[in-house]
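A short worksheet on the structure shown next.
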Amino acid sequence: MHRNPVQAELRVARFMAERLEPAVYGQLRPLAAAAWTCPEAGVPFAEAAGQAYEPFAAGGSWGAPWGTTWFRFTGSFPAGGGASGRRPFGAGRQPEAVVDLGFTGGLPGFQAEGLAYAADGSVLKGLSPATRHLRLSAGPGEPVEFYVEAASNPDIGGGSSFAPTLLGDPATAGTGPLYRFGGAWLALREVEAWELLQDFRA
């Protein structure tokens with residue numbers, strides 16, 4: 001039999017991209033987003049949460065180089081259960097939030113990242129290109145509210161070329177926004193599909 005490992009790996013990658021990855025979150029429900037641009041890094045949660053947040057739509061630009069923007073996300077799962085009201089919570093489904101700060105798929109670093117907080121200020125988890133999800137404990141009809149302290153890190157690696165750049169110092173990096181907010185959603189993670197995806201990646 002003719003062997004072509006490269007072609008086989010390409011077929012596996014296509015199967016993962018076209019079948020498995022879309023099956024992990026079968027239903028998505030948009031979260032309402034609001035943002036506050038922090039004048040300096042390192043503001044405590046209590047201070048940040050008390051600021052005036054402005055509605056922020058998916059597609060909006062944010063994040064001067066080395067800046068910090070706080071996002072507040074609110075919403076709820078339908079009282080019927082599923083992310084769109086059609087499929088109920090249950091075994092094999094984990095309620096989560098999925099947040100896209102404007103990540104690109106090429107690099108695990110040299111781009112935006114965030115730290116998620118519950119409404120009471122307790123730290124939930126970090127958000128980055130490889131881990132955009134946030135586990136939730138809210139049930140059907142219960143409100144969801146959380147904050148993300150988002151850092152707009154510039155790509156000082158230049159796509160791994162490491163060419164000289166002005167982005168390495170806030171004094172020369174400029175003030176234009178680096179990222180476009182991709183959106184945030186409530187979702188039910190299909191655990192079996194997710195675990196199969198991890199098996200294929202391994």
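As shown in the structure tokens, the chain order sets the letters A, B, ...; within each chain, residues go from 1, and ligands are also counted from 1 in the order they appear.
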For range 48-117 of chain A versus range 121-129 of chain A, which residues have an atom no more than 7 Å away, and what is each residue's nearest atom pair and distance in Å rounded to one decimal, using only C-alpha atoms, chain-then-number order, as CSV?
residue,atom,partner,partner_atom,distance
A:Phe103,CA,A:Pro129,CA,5.4
A:Thr104,CA,A:Pro129,CA,6.8
A:Gly105,CA,A:Pro129,CA,6.7
A:Pro108,CA,A:Pro129,CA,5.8
A:Glu113,CA,A:Ser128,CA,4.8
A:Gly114,CA,A:Leu127,CA,4.9
A:Leu115,CA,A:Gly126,CA,4.4
A:Ala116,CA,A:Leu124,CA,5.4
A:Tyr117,CA,A:Val123,CA,4.5
Proximity check range 148-187 of chain A to range 26-47 of chain A, 8 Å, nearest pairs one decimal Å, only C-alpha atoms, as a tab-separated table:
residue	atom	partner	partner_atom	distance
A:Gly183	CA	A:Pro30	CA	7.5
A:Ala184	CA	A:Leu31	CA	5.5
A:Trp185	CA	A:Pro30	CA	4.2
A:Leu186	CA	A:Arg29	CA	5.0
A:Ala187	CA	A:Leu28	CA	4.8
Taking into account only C-alpha atoms, which residue in the set A:Val144, A:Ala151, A:Val98, A:Ala57 is nearest to Ala130 in chain A?
A:Val98
Any chance you could tabulate, as JSON lines, the residues of range 50-154 of chain A at most 9 Å from range 168-177 of chain A with each one's nearest atom pair and distance in Å to one decimal, using only C-alpha atoms, in chain and rising number order?
{"residue": "A:Ser61", "atom": "CA", "partner": "A:Pro177", "partner_atom": "CA", "distance": 6.0}
{"residue": "A:Trp62", "atom": "CA", "partner": "A:Pro177", "partner_atom": "CA", "distance": 5.0}
{"residue": "A:Gly63", "atom": "CA", "partner": "A:Pro177", "partner_atom": "CA", "distance": 4.6}
{"residue": "A:Ala64", "atom": "CA", "partner": "A:Pro177", "partner_atom": "CA", "distance": 4.4}
{"residue": "A:Pro65", "atom": "CA", "partner": "A:Ala173", "partner_atom": "CA", "distance": 6.1}
{"residue": "A:Trp66", "atom": "CA", "partner": "A:Pro170", "partner_atom": "CA", "distance": 6.5}
{"residue": "A:Gly67", "atom": "CA", "partner": "A:Thr175", "partner_atom": "CA", "distance": 8.8}
{"residue": "A:Ser152", "atom": "CA", "partner": "A:Pro177", "partner_atom": "CA", "distance": 8.4}
{"residue": "A:Pro154", "atom": "CA", "partner": "A:Gly168", "partner_atom": "CA", "distance": 7.8}
Convert the current residue selection to file output with C-alpha atoms, as a PDB file, in the first residue's frame.
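So the final result, stored in again-v1.pdb, reads:
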ATOM      1  CA  SER A  61     -10.715  48.300  18.133  1.00  0.00           C
ATOM      2  CA  TRP A  62      -9.004  48.430  21.509  1.00  0.00           C
ATOM      3  CA  GLY A  63      -5.621  48.384  23.176  1.00  0.00           C
ATOM      4  CA  ALA A  64      -2.748  50.789  22.731  1.00  0.00           C
ATOM      5  CA  PRO A  65       0.640  49.015  22.920  1.00  0.00           C
ATOM      6  CA  TRP A  66       1.353  47.912  26.508  1.00  0.00           C
ATOM      7  CA  GLY A  67      -2.050  49.252  27.600  1.00  0.00           C
ATOM      8  CA  SER A 152      -2.679  44.688  24.744  1.00  0.00           C
ATOM      9  CA  PRO A 154       2.423  44.124  21.048  1.00  0.00           C
TER      10      PRO A 154
END
Tell me, which residues of range 43-152 of chain A carry DSSP alpha helix (DSSP H), written as an MDAnalysis selection string?
chainID A and resid 45:49
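In this model, the gap between CA of Val99 in chain A and CA of Pro22 in chain A comes to 15.6 Å.
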